[in-house]
file protein-v1.json (JSON, C-alpha atoms)
[["chain", "number", "residue", "atom", "x", "y", "z"],
["A", 757, "MET", "CA", -10.03, -21.25, 1.39],
["A", 758, "ASN", "CA", -12.13, -20.99, 4.54],
["A", 759, "ILE", "CA", -13.68, -17.52, 4.56],
["A", 760, "THR", "CA", -14.41, -17.82, 8.30],
["A", 761, "HIS", "CA", -10.67, -18.28, 8.87],
["A", 762, "VAL", "CA", -9.95, -15.15, 6.82],
["A", 763, "ILE", "CA", -12.44, -13.10, 8.83],
["A", 764, "LEU", "CA", -11.35, -14.36, 12.26],
["A", 765, "TYR", "CA", -7.59, -14.40, 11.70],
["A", 766, "ALA", "CA", -7.03, -11.51, 9.26],
["A", 767, "ILE", "CA", -9.97, -9.10, 9.49],
["A", 768, "VAL", "CA", -11.08, -9.17, 13.14],
["A", 769, "PRO", "CA", -7.56, -8.59, 14.59],
["A", 770, "ILE", "CA", -7.18, -5.52, 12.37],
["A", 771, "ILE", "CA", -10.54, -4.16, 13.55],
["A", 772, "VAL", "CA", -9.62, -4.72, 17.21],
["A", 773, "VAL", "CA", -6.16, -3.11, 17.03],
["A", 774, "MET", "CA", -7.33, -0.23, 14.83],
["A", 775, "LEU", "CA", -10.27, 0.38, 17.16],
["A", 776, "ALA", "CA", -7.84, 0.44, 20.10],
["A", 777, "GLY", "CA", -5.80, 3.11, 18.32],
["A", 778, "TYR", "CA", -8.94, 5.08, 17.48],
["A", 779, "ILE", "CA", -10.16, 5.02, 21.11],
["A", 780, "ALA", "CA", -6.69, 5.94, 22.38],
["A", 781, "GLY", "CA", -6.67, 8.91, 20.02],
["A", 782, "LYS", "CA", -10.15, 10.05, 21.00],
["A", 783, "LYS", "CA", -9.25, 9.82, 24.70],
["A", 784, "GLY", "CA", -6.17, 11.97, 24.12],
["A", 785, "ALA", "CA", -3.58, 9.31, 24.91],
["A", 786, "PHE", "CA", -2.07, 9.88, 21.45],
["A", 787, "THR", "CA", -2.40, 12.62, 18.84],
["A", 788, "GLY", "CA", -2.06, 12.88, 15.09],
["A", 789, "ASP", "CA", 1.57, 13.96, 15.59],
["A", 790, "ASP", "CA", 2.19, 10.79, 17.59],
["A", 791, "ALA", "CA", 0.72, 8.76, 14.72],
["A", 792, "LYS", "CA", 3.22, 10.36, 12.33],
["A", 793, "LYS", "CA", 6.04, 9.22, 14.62],
["A", 794, "PHE", "CA", 4.59, 5.71, 14.73],
["A", 795, "ASN", "CA", 4.41, 5.74, 10.93],
["A", 796, "LYS", "CA", 8.06, 6.73, 10.74],
["A", 797, "VAL", "CA", 9.04, 3.79, 12.95],
["A", 798, "VAL", "CA", 7.06, 1.47, 10.66],
["A", 799, "LEU", "CA", 8.27, 2.85, 7.33],
["A", 800, "ASP", "CA", 11.92, 3.49, 8.28],
["A", 801, "PHE", "CA", 12.66, 0.55, 10.58],
["A", 802, "ALA", "CA", 10.08, -2.20, 11.14],
["A", 803, "LEU", "CA", 8.84, -2.70, 7.57],
["A", 804, "PRO", "CA", 12.30, -2.55, 5.89],
["A", 805, "ALA", "CA", 13.58, -5.11, 8.41],
["A", 806, "ALA", "CA", 10.58, -7.38, 7.78],
["A", 807, "LEU", "CA", 10.98, -7.15, 4.01],
["A", 808, "PHE", "CA", 14.75, -7.65, 3.99],
["A", 809, "VAL", "CA", 14.97, -10.66, 6.29],
["A", 810, "SER", "CA", 11.99, -12.35, 4.60],
["A", 811, "ILE", "CA", 13.23, -11.88, 1.03],
["A", 812, "VAL", "CA", 16.80, -13.08, 1.67],
["A", 813, "ASP", "CA", 15.30, -16.45, 2.58],
["A", 814, "ALA", "CA", 14.04, -16.75, -1.01],
["A", 815, "SER", "CA", 15.84, -18.31, -3.95],
["A", 816, "ARG", "CA", 16.64, -17.27, -7.52],
["A", 817, "GLU", "CA", 13.99, -19.68, -8.76],
["A", 818, "MET", "CA", 11.35, -17.89, -6.67],
["A", 819, "LEU", "CA", 12.41, -14.51, -8.09],
["A", 820, "VAL", "CA", 12.20, -15.78, -11.68],
["A", 821, "LYS", "CA", 8.81, -17.29, -10.92],
["A", 822, "ASP", "CA", 7.69, -13.91, -9.57],
["A", 823, "LEU", "CA", 8.80, -11.93, -12.66],
["A", 824, "LYS", "CA", 5.27, -12.11, -14.08],
["A", 825, "LEU", "CA", 3.95, -10.95, -10.70],
["A", 826, "SER", "CA", 6.28, -7.94, -10.80],
["A", 827, "LEU", "CA", 5.28, -6.84, -14.30],
["A", 828, "ILE", "CA", 1.54, -7.24, -13.72],
["A", 829, "SER", "CA", 1.79, -5.38, -10.40],
["A", 830, "LEU", "CA", 3.67, -2.49, -11.98],
["A", 831, "VAL", "CA", 1.40, -2.11, -15.03],
["A", 832, "VAL", "CA", -1.97, -2.58, -13.31],
["A", 833, "ILE", "CA", -1.29, -0.54, -10.17],
["A", 834, "MET", "CA", 0.17, 2.38, -12.12],
["A", 835, "PHE", "CA", -2.73, 2.17, -14.60],
["A", 836, "CYS", "CA", -5.15, 2.46, -11.67],
["A", 837, "PHE", "CA", -3.02, 5.27, -10.23],
["A", 838, "MET", "CA", -3.18, 7.34, -13.41],
["A", 839, "THR", "CA", -6.88, 6.52, -13.95],
["A", 840, "VAL", "CA", -7.73, 7.95, -10.53],
["A", 841, "TYR", "CA", -5.58, 11.00, -11.30],
["A", 842, "PHE", "CA", -7.27, 11.79, -14.61],
["A", 843, "ILE", "CA", -10.79, 11.16, -13.25],
["A", 844, "TYR", "CA", -10.29, 13.65, -10.41],
["A", 845, "LYS", "CA", -8.41, 16.13, -12.60],
["A", 846, "TYR", "CA", -11.00, 16.37, -15.38],
["A", 847, "CYS", "CA", -14.26, 15.47, -13.61],
["A", 848, "PHE", "CA", -13.72, 17.72, -10.57],
["A", 849, "ARG", "CA", -12.11, 20.81, -12.06],
["A", 850, "LYS", "CA", -13.21, 23.04, -9.18],
["A", 851, "ASN", "CA", -11.07, 21.12, -6.70],
["A", 852, "PRO", "CA", -7.93, 22.86, -5.38],
["A", 853, "PRO", "CA", -4.66, 22.41, -7.32],
["A", 854, "GLY", "CA", -2.97, 19.10, -6.60],
["A", 855, "SER", "CA", -6.11, 17.35, -5.36],
["A", 856, "ALA", "CA", -6.07, 14.87, -8.26],
["A", 857, "ALA", "CA", -2.51, 13.88, -7.41],
["A", 858, "VAL", "CA", -3.44, 13.44, -3.75],
["A", 859, "MET", "CA", -6.38, 11.18, -4.64],
["A", 860, "ALA", "CA", -4.11, 9.15, -6.95],
["A", 861, "LEU", "CA", -1.66, 8.71, -4.08],
["A", 862, "ILE", "CA", -4.54, 7.58, -1.85],
["A", 863, "SER", "CA", -7.09, 5.67, -3.94],
["A", 864, "GLY", "CA", -4.59, 4.63, -6.62],
["A", 865, "SER", "CA", -2.28, 2.83, -4.20],
["A", 866, "PRO", "CA", -2.85, 0.01, -1.68],
["A", 867, "THR", "CA", -1.53, 0.44, 1.85],
["A", 868, "ILE", "CA", 0.80, -2.51, 1.40],
["A", 869, "GLY", "CA", 3.42, -1.18, 3.82],
["A", 870, "PHE", "CA", 1.04, -0.82, 6.74],
["A", 871, "LEU", "CA", -1.34, -3.75, 6.27],
["A", 872, "GLY", "CA", 0.43, -6.10, 3.83],
["A", 873, "PHE", "CA", 1.92, -8.49, 6.37],
["A", 874, "ALA", "CA", -0.98, -8.00, 8.81],
["A", 875, "VAL", "CA", -3.49, -9.28, 6.24],
["A", 876, "LEU", "CA", -1.52, -11.68, 4.01],
["A", 877, "GLU", "CA", 0.34, -13.69, 6.66],
["A", 878, "PRO", "CA", -2.76, -14.82, 8.62],
["A", 879, "ILE", "CA", -4.33, -15.93, 5.32],
["A", 880, "PHE", "CA", -1.37, -17.41, 3.41],
["A", 881, "GLY", "CA", 1.15, -18.13, 6.17],
["A", 882, "THR", "CA", 4.54, -16.70, 7.09],
["A", 883, "THR", "CA", 6.50, -17.56, 3.96],
["A", 884, "PRO", "CA", 9.02, -15.88, 1.61],
["A", 885, "PHE", "CA", 6.26, -15.89, -1.05],
["A", 886, "VAL", "CA", 4.17, -13.49, 1.06],
["A", 887, "ALA", "CA", 7.22, -11.30, 1.67],
["A", 888, "LEU", "CA", 7.95, -11.12, -2.05],
["A", 889, "VAL", "CA", 4.38, -10.02, -2.87],
["A", 890, "VAL", "CA", 4.54, -7.35, -0.15],
["A", 891, "ALA", "CA", 7.98, -6.26, -1.37],
["A", 892, "ILE", "CA", 7.06, -6.12, -5.07],
["A", 893, "VAL", "CA", 3.84, -4.19, -4.52],
["A", 894, "GLY", "CA", 5.63, -2.03, -1.95],
["A", 895, "ILE", "CA", 8.37, -1.12, -4.43],
["A", 896, "VAL", "CA", 5.75, -0.20, -7.04],
["A", 897, "VAL", "CA", 3.88, 1.99, -4.54],
["A", 898, "ASN", "CA", 6.90, 3.60, -2.85],
["A", 899, "ALA", "CA", 9.53, 3.74, -5.59],
["A", 900, "VAL", "CA", 7.21, 4.44, -8.55],
["A", 901, "GLY", "CA", 3.80, 5.68, -7.39],
["A", 902, "ILE", "CA", 4.94, 8.16, -4.74],
["A", 903, "PRO", "CA", 7.57, 9.87, -6.97],
["A", 904, "VAL", "CA", 5.03, 10.15, -9.81],
["A", 905, "GLY", "CA", 2.40, 11.51, -7.42],
["A", 906, "LEU", "CA", 4.80, 14.05, -5.92],
["A", 907, "SER", "CA", 5.86, 15.20, -9.38],
["A", 908, "LEU", "CA", 2.22, 15.71, -10.41],
["A", 909, "LEU", "CA", 1.47, 17.46, -7.11],
["A", 910, "ASN", "CA", 4.44, 19.83, -7.40],
["A", 911, "ALA", "CA", 3.57, 20.56, -11.05],
["A", 912, "ALA", "CA", -0.01, 21.41, -10.08],
["A", 913, "LYS", "CA", 1.18, 23.74, -7.34],
["A", 914, "GLU", "CA", 3.59, 25.48, -9.72],
["A", 915, "ASN", "CA", 0.93, 25.89, -12.40],
["A", 916, "ALA", "CA", -1.33, 27.51, -9.82],
["A", 917, "GLN", "CA", 1.39, 30.13, -9.28],
["A", 918, "PRO", "CA", 2.34, 31.18, -12.82],
["A", 919, "GLY", "CA", 4.62, 33.93, -11.53],
["A", 920, "SER", "CA", 6.90, 31.46, -9.75],
["A", 921, "THR", "CA", 10.25, 30.74, -11.41],
["A", 922, "LYS", "CA", 11.31, 27.93, -9.09],
["A", 923, "LYS", "CA", 11.19, 24.56, -10.84],
["A", 924, "GLU", "CA", 11.62, 21.27, -9.04],
["A", 925, "SER", "CA", 13.67, 18.59, -10.74],
["A", 926, "ALA", "CA", 11.49, 15.75, -12.02],
["A", 927, "TRP", "CA", 14.05, 13.30, -10.63],
["A", 928, "LYS", "CA", 14.04, 14.72, -7.12],
["A", 929, "PRO", "CA", 10.96, 12.75, -5.92],
["A", 930, "VAL", "CA", 12.39, 9.56, -7.47],
["A", 931, "ILE", "CA", 15.74, 9.96, -5.72],
["A", 932, "HIS", "CA", 14.00, 10.87, -2.47],
["A", 933, "ALA", "CA", 11.78, 7.77, -2.67],
["A", 934, "LEU", "CA", 14.66, 5.41, -3.45],
["A", 935, "ALA", "CA", 16.60, 6.85, -0.52],
["A", 936, "GLN", "CA", 13.94, 5.63, 1.91],
["A", 937, "PRO", "CA", 14.66, 2.31, 3.69],
["A", 938, "VAL", "CA", 11.26, 0.94, 2.65],
["A", 939, "ALA", "CA", 12.40, 1.19, -1.00],
["A", 940, "TRP", "CA", 16.10, 0.26, -0.92],
["A", 941, "ALA", "CA", 15.88, -2.53, 1.70],
["A", 942, "PRO", "CA", 13.82, -4.93, -0.47],
["A", 943, "ILE", "CA", 15.88, -3.99, -3.55],
["A", 944, "LEU", "CA", 19.07, -4.80, -1.64],
["A", 945, "ALA", "CA", 17.56, -8.12, -0.51],
["A", 946, "VAL", "CA", 16.64, -9.03, -4.10],
["A", 947, "ILE", "CA", 20.19, -8.22, -5.26],
["A", 948, "TRP", "CA", 21.53, -10.39, -2.43],
["A", 949, "VAL", "CA", 19.42, -13.34, -3.62],
["A", 950, "VAL", "CA", 20.28, -12.82, -7.31],
["A", 951, "ILE", "CA", 24.02, -12.78, -6.54],
["A", 952, "GLY", "CA", 23.55, -16.05, -4.69],
["A", 953, "LEU", "CA", 25.02, -15.06, -1.34],
["A", 954, "PRO", "CA", 23.91, -17.41, 1.45],
["A", 955, "TRP", "CA", 22.10, -15.65, 4.27],
["A", 956, "PRO", "CA", 23.37, -16.78, 7.70],
["A", 957, "LYS", "CA", 20.53, -18.17, 9.80],
["A", 958, "TRP", "CA", 22.05, -16.71, 12.97],
["A", 959, "ALA", "CA", 21.57, -13.19, 11.55],
["A", 960, "SER", "CA", 17.78, -13.39, 11.19],
["A", 961, "PRO", "CA", 16.91, -13.20, 14.92],
["A", 962, "SER", "CA", 18.59, -9.78, 15.05],
["A", 963, "PHE", "CA", 15.82, -8.49, 12.75],
["A", 964, "ASP", "CA", 12.92, -10.36, 14.32],
["A", 965, "LEU", "CA", 12.29, -8.06, 17.28],
["A", 966, "ILE", "CA", 11.91, -4.87, 15.24],
["A", 967, "LYS", "CA", 10.07, -6.52, 12.34],
["A", 968, "GLY", "CA", 7.53, -7.88, 14.83],
["A", 969, "ALA", "CA", 6.40, -4.32, 15.51],
["A", 970, "ASN", "CA", 5.51, -3.74, 11.85],
["A", 971, "ALA", "CA", 1.92, -4.95, 11.57],
["A", 972, "SER", "CA", 0.69, -4.14, 15.09],
["A", 973, "MET", "CA", 2.16, -0.62, 15.23],
["A", 974, "ALA", "CA", 1.02, 0.17, 11.68],
["A", 975, "VAL", "CA", -2.59, -0.82, 12.37],
["A", 976, "PHE", "CA", -2.65, 0.93, 15.76],
["A", 977, "SER", "CA", -1.21, 4.06, 14.16],
["A", 978, "ALA", "CA", -3.91, 3.96, 11.49],
["A", 979, "GLY", "CA", -6.55, 4.04, 14.23],
["A", 980, "VAL", "CA", -4.87, 7.02, 15.89],
["A", 981, "THR", "CA", -4.67, 8.81, 12.53],
["A", 982, "LEU", "CA", -8.38, 8.28, 11.84],
["A", 983, "SER", "CA", -9.27, 9.63, 15.29],
["A", 984, "ALA", "CA", -7.42, 12.88, 14.59],
["A", 985, "VAL", "CA", -9.29, 13.97, 11.47],
["A", 986, "LYS", "CA", -12.81, 15.11, 10.71],
["A", 987, "ILE", "CA", -14.64, 12.65, 8.50],
["A", 988, "VAL", "CA", -16.87, 14.12, 5.79],
["A", 989, "ILE", "CA", -18.41, 11.55, 3.47],
["A", 990, "ASN", "CA", -19.23, 12.97, 0.03],
["A", 991, "TRP", "CA", -19.48, 11.64, -3.52],
["A", 992, "GLN", "CA", -15.80, 12.20, -4.20],
["A", 993, "ALA", "CA", -14.84, 10.15, -1.13],
["A", 994, "ILE", "CA", -17.27, 7.39, -2.15],
["A", 995, "LEU", "CA", -15.89, 7.35, -5.71],
["A", 996, "GLY", "CA", -12.36, 7.00, -4.36],
["A", 997, "SER", "CA", -13.41, 3.95, -2.33],
["A", 998, "ILE", "CA", -15.12, 2.37, -5.35],
["A", 999, "LEU", "CA", -12.07, 2.87, -7.56],
["A", 1000, "LYS", "CA", -9.78, 1.41, -4.91],
["A", 1001, "LEU", "CA", -11.82, -1.58, -3.71],
["A", 1002, "ILE", "CA", -13.37, -2.62, -7.04],
["A", 1003, "MET", "CA", -11.28, -1.41, -9.97],
["A", 1004, "MET", "CA", -7.81, -2.37, -8.73],
["A", 1005, "PRO", "CA", -8.48, -5.96, -7.55],
["A", 1006, "ALA", "CA", -10.69, -6.58, -10.61],
["A", 1007, "LEU", "CA", -7.97, -5.52, -13.06],
["A", 1008, "LEU", "CA", -5.29, -7.47, -11.16],
["A", 1009, "LEU", "CA", -7.48, -10.59, -11.28],
["A", 1010, "ILE", "CA", -8.25, -10.18, -14.98],
["A", 1011, "ALA", "CA", -4.58, -9.58, -15.88],
["A", 1012, "GLY", "CA", -3.48, -12.53, -13.75],
["A", 1013, "LEU", "CA", -5.95, -14.85, -15.42],
["A", 1014, "ILE", "CA", -5.05, -13.66, -18.94],
["A", 1015, "PHE", "CA", -1.33, -14.15, -18.40],
["A", 1016, "LYS", "CA", -1.80, -17.37, -16.39],
["A", 1017, "MET", "CA", -0.16, -16.28, -13.16],
["A", 1018, "ASP", "CA", 0.65, -18.82, -10.48],
["A", 1019, "PRO", "CA", -2.68, -19.33, -8.60],
["A", 1020, "LEU", "CA", -1.21, -18.66, -5.15],
["A", 1021, "ASN", "CA", 0.57, -15.52, -6.34],
["A", 1022, "LEU", "CA", -2.63, -14.34, -8.00],
["A", 1023, "LYS", "CA", -4.64, -14.81, -4.81],
["A", 1024, "MET", "CA", -2.08, -12.86, -2.79],
["A", 1025, "LEU", "CA", -1.88, -10.12, -5.42],
["A", 1026, "VAL", "CA", -5.67, -9.67, -5.51],
["A", 1027, "VAL", "CA", -5.76, -9.43, -1.70],
["A", 1028, "ALA", "CA", -2.93, -6.88, -1.86],
["A", 1029, "GLY", "CA", -4.94, -4.94, -4.45],
["A", 1030, "VAL", "CA", -8.07, -4.81, -2.32],
["A", 1031, "LEU", "CA", -6.19, -3.41, 0.70],
["A", 1032, "PRO", "CA", -7.41, 0.05, 1.78],
["A", 1033, "PRO", "CA", -5.83, 3.18, 0.25],
["A", 1034, "ALA", "CA", -2.24, 4.07, 1.09],
["A", 1035, "PHE", "CA", -1.82, 5.94, 4.39],
["A", 1036, "SER", "CA", 1.27, 7.58, 2.88],
["A", 1037, "GLY", "CA", -1.08, 9.55, 0.64],
["A", 1038, "ILE", "CA", -2.72, 11.09, 3.70],
["A", 1039, "ILE", "CA", 0.68, 11.94, 5.16],
["A", 1040, "ILE", "CA", 1.65, 13.73, 1.91],
["A", 1041, "ALA", "CA", -1.74, 15.47, 1.72],
["A", 1042, "ASP", "CA", -1.24, 16.75, 5.26],
["A", 1043, "GLU", "CA", 2.28, 18.00, 4.47],
["A", 1044, "TYR", "CA", 1.04, 19.88, 1.40],
["A", 1045, "ASP", "CA", -2.23, 20.92, 3.10],
["A", 1046, "THR", "CA", -4.14, 19.68, 0.05],
["A", 1047, "TYR", "CA", -7.44, 17.75, -0.03],
["A", 1048, "VAL", "CA", -6.91, 16.32, 3.46],
["A", 1049, "ALA", "CA", -10.57, 16.03, 4.51],
["A", 1050, "THR", "CA", -11.89, 14.26, 1.39],
["A", 1051, "GLY", "CA", -8.80, 12.05, 1.09],
["A", 1052, "THR", "CA", -9.05, 10.97, 4.71],
["A", 1053, "SER", "CA", -12.79, 10.39, 4.39],
["A", 1054, "SER", "CA", -12.23, 8.15, 1.37],
["A", 1055, "LEU", "CA", -9.55, 6.24, 3.27],
["A", 1056, "THR", "CA", -11.80, 5.79, 6.30],
["A", 1057, "LEU", "CA", -14.71, 4.56, 4.19],
["A", 1058, "SER", "CA", -12.39, 2.16, 2.35],
["A", 1059, "VAL", "CA", -11.05, 0.74, 5.63],
["A", 1060, "ILE", "CA", -14.61, 0.00, 6.77],
["A", 1061, "LEU", "CA", -15.67, -1.52, 3.42],
["A", 1062, "PHE", "CA", -12.44, -3.55, 3.20],
["A", 1063, "MET", "CA", -13.75, -5.80, 5.98],
["A", 1064, "GLY", "CA", -16.38, -7.08, 3.57],
["A", 1065, "PHE", "CA", -14.58, -6.74, 0.25],
["A", 1066, "CYS", "CA", -11.51, -8.75, 1.29],
["A", 1067, "PRO", "CA", -13.31, -12.10, 1.79],
["A", 1068, "LEU", "CA", -15.53, -11.28, -1.21],
["A", 1069, "TRP", "CA", -12.54, -10.90, -3.56],
["A", 1070, "ILE", "CA", -10.90, -14.06, -2.17],
["A", 1071, "TRP", "CA", -14.12, -15.94, -2.97],
["A", 1072, "ILE", "CA", -14.34, -14.41, -6.48],
["A", 1073, "THR", "CA", -10.70, -15.26, -7.18],
["A", 1074, "GLU", "CA", -11.14, -18.87, -6.10],
["A", 1075, "MET", "CA", -14.28, -19.15, -8.21],
["A", 1076, "CYS", "CA", -12.37, -17.86, -11.25],
["A", 1077, "LEU", "CA", -9.53, -20.29, -10.58],
["A", 1078, "GLY", "CA", -11.99, -23.16, -10.22],
["A", 1079, "HIS", "CA", -11.02, -23.91, -6.60]]
call {"tool": "encode", "arguments": {"input": "protein-v1.json", "output": "structure tokens"}}
result
Amino acid sequence: MNITHVILYAIVPIIVVMLAGYIAGKKGAFTGDDAKKFNKVVLDFALPAALFVSIVDASREMLVKDLKLSLISLVVIMFCFMTVYFIYKYCFRKNPPGSAAVMALISGSPTIGFLGFAVLEPIFGTTPFVALVVAIVGIVVNAVGIPVGLSLLNAAKENAQPGSTKKESAWKPVIHALAQPVAWAPILAVIWVVIGLPWPKWASPSFDLIKGANASMAVFSAGVTLSAVKIVINWQAILGSILKLIMMPALLLIAGLIFKMDPLNLKMLVVAGVLPPAFSGIIIADEYDTYVATGTSSLTLSVILFMGFCPLWIWITEMCLGH
């Protein structure tokens, strides 16, 4: 794969649009609250539409072929998620309650919903295969990672207030996550394909206009979000970036090679793994007022380093595959 093509068609556009959002935020055209509204449009409308209409164009054979992709994604990403959690829980005991869960939500999850299509499509083309990778990783992050992270965060908050008798149901975050369009839309599309219902071609254009806003609005919103927070780089922020940009893609690559994944799927999965930390983690941190500064700093540093690590991991993957 031509690394110059990756840089010019996948990396540079993200820098330009994110920089535009950052400048707009610094000039006061948009605020952090506006970014939250942009994020809601992406997560509740644009991304679900993009995932649904792309997956229903797939076939049963593609889903069976991607079963190995699904299992490796689930096991490796959640392993990284819990590794980040335990590192921050036991190595940084003086941090405020819930900070380990927040860092797991950030550095233990790729921002597949916001940057998945924006990065993968320019590199691998606009195909159902790309949509399936985005959907599978997205389901792991949104339907598994976020509920687990919220459960750990709520538990930490409750433990910090031993006198409190209010106990949240462990299933509440799971139900809440599955109720979000970004979780149930790809699941519904997979069920549609498994049943074997033909998807009418005339219906797809009705989704195209809103799904087209997914990548551009997500990246612009990320720039606005970064402009609204104070960045403080410390060792904990640097460690979060290292765990996200090195540990996750490395383990995905190793697992894919061991279990002989399809080469194209493996390349896409490694790129998905090296994506910056999940922006949803910052949104949750802000809502709970927990570890916002360090989490945002780690995210910002990871976004900057991603520009170099993305082509590096593509090159490493191709070297390992003998391409």
call {"tool": "atom_distance", "arguments": {"input": "protein-v1.json", "atom1": "CA of Gln992 (chain A)", "atom2": "CA of Leu861 (chain A)"}}
result
14.6 Å
call {"tool": "closest_residue", "arguments": {"input": "protein-v1.json", "among": "A:Asn910, A:Ser1036, A:Ser997, A:Thr1073", "to": "Val840 (chain A)", "atoms": "all atoms listed in the file"}}
result
A:Ser997
call {"tool": "residues_around", "arguments": {"input": "protein-v1.json", "residues": "Ala974 (chain A)", "least_positions_apart": "5", "cutoff": "9 Å", "atoms": "all atoms listed in the file", "output": "PyMOL selection string"}}
result
chain A and resi 774+794-795+797-799+869-871+874+969+979
call {"tool": "atom_distance", "arguments": {"input": "protein-v1.json", "atom1": "CA of Val890 (chain A)", "atom2": "CA of Glu817 (chain A)"}}
result
17.8 Å
call {"tool": "atom_distance", "arguments": {"input": "protein-v1.json", "atom1": "CA of Leu1009 (chain A)", "atom2": "CA of Gly901 (chain A)"}}
result
20.2 Å
call {"tool": "residues_around", "arguments": {"input": "protein-v1.json", "residues": "Gly872 (chain A)", "least_positions_apart": "2", "cutoff": "9 Å", "atoms": "all atoms listed in the file", "output": "list of chain:residue names"}}
result
A:Pro866, A:Thr867, A:Ile868, A:Gly869, A:Phe870, A:Ala874, A:Val875, A:Leu876, A:Glu877, A:Val886, A:Ala887, A:Val889, A:Val890, A:Gly894, A:Ala971, A:Val1027, A:Ala1028, A:Leu1031
call {"tool": "closest_residue", "arguments": {"input": "protein-v1.json", "among": "A:Cys847, A:Leu1077, A:Ala899, A:Gly1037", "to": "Ile1014 (chain A)", "atoms": "all atoms listed in the file"}}
result
A:Leu1077
call {"tool": "closest_atom_pairs", "arguments": {"input": "protein-v1.json", "of": "region 919-1016 of chain A", "to": "region 781-792 of chain A", "cutoff": "10 Å", "atoms": "only C-alpha atoms", "output": "Markdown table"}}
result
| residue | atom | partner | partner_atom | distance |
| --- | --- | --- | --- | --- |
| A:Met973 | CA | A:Ala791 | CA | 9.5 |
| A:Ala974 | CA | A:Ala791 | CA | 9.1 |
| A:Phe976 | CA | A:Ala791 | CA | 8.6 |
| A:Ser977 | CA | A:Ala791 | CA | 5.1 |
| A:Ala978 | CA | A:Ala791 | CA | 7.4 |
| A:Gly979 | CA | A:Gly781 | CA | 7.6 |
| A:Val980 | CA | A:Gly781 | CA | 4.9 |
| A:Thr981 | CA | A:Gly788 | CA | 5.5 |
| A:Leu982 | CA | A:Gly781 | CA | 8.4 |
| A:Ser983 | CA | A:Gly781 | CA | 5.4 |
| A:Ala984 | CA | A:Gly788 | CA | 5.4 |
| A:Val985 | CA | A:Gly788 | CA | 8.2 |
call {"tool": "write_last_selection", "arguments": {"input": "protein-v1.json", "atoms": "C-alpha atoms", "output": "PDB file, in the frame of the given file"}}
result
ATOM      1  CA  MET A 973       2.160  -0.620  15.230  1.00  0.00           C
ATOM      2  CA  ALA A 974       1.020   0.170  11.680  1.00  0.00           C
ATOM      3  CA  PHE A 976      -2.650   0.930  15.760  1.00  0.00           C
ATOM      4  CA  SER A 977      -1.210   4.060  14.160  1.00  0.00           C
ATOM      5  CA  ALA A 978      -3.910   3.960  11.490  1.00  0.00           C
ATOM      6  CA  GLY A 979      -6.550   4.040  14.230  1.00  0.00           C
ATOM      7  CA  VAL A 980      -4.870   7.020  15.890  1.00  0.00           C
ATOM      8  CA  THR A 981      -4.670   8.810  12.530  1.00  0.00           C
ATOM      9  CA  LEU A 982      -8.380   8.280  11.840  1.00  0.00           C
ATOM     10  CA  SER A 983      -9.270   9.630  15.290  1.00  0.00           C
ATOM     11  CA  ALA A 984      -7.420  12.880  14.590  1.00  0.00           C
ATOM     12  CA  VAL A 985      -9.290  13.970  11.470  1.00  0.00           C
TER      13      VAL A 985
END
call {"tool": "closest_atom_pairs", "arguments": {"input": "protein-v1.json", "of": "region 885-971 of chain A", "to": "region 841-846 of chain A", "cutoff": "12 Å", "atoms": "all atoms listed in the file", "output": "CSV"}}
result
residue,atom,partner,partner_atom,distance
A:Gly901,CA,A:Tyr841,CA,11.5
A:Val904,CA,A:Tyr841,CA,10.7
A:Gly905,CA,A:Tyr841,CA,8.9
A:Leu908,CA,A:Tyr841,CA,9.2
A:Leu909,CA,A:Tyr841,CA,10.4
A:Ala912,CA,A:Lys845,CA,10.2
call {"tool": "closest_residue", "arguments": {"input": "protein-v1.json", "among": "A:Val897, A:Met1003, A:Ile771, A:Ile943", "to": "Ser972 (chain A)", "atoms": "all atoms listed in the file"}}
result
A:Ile771
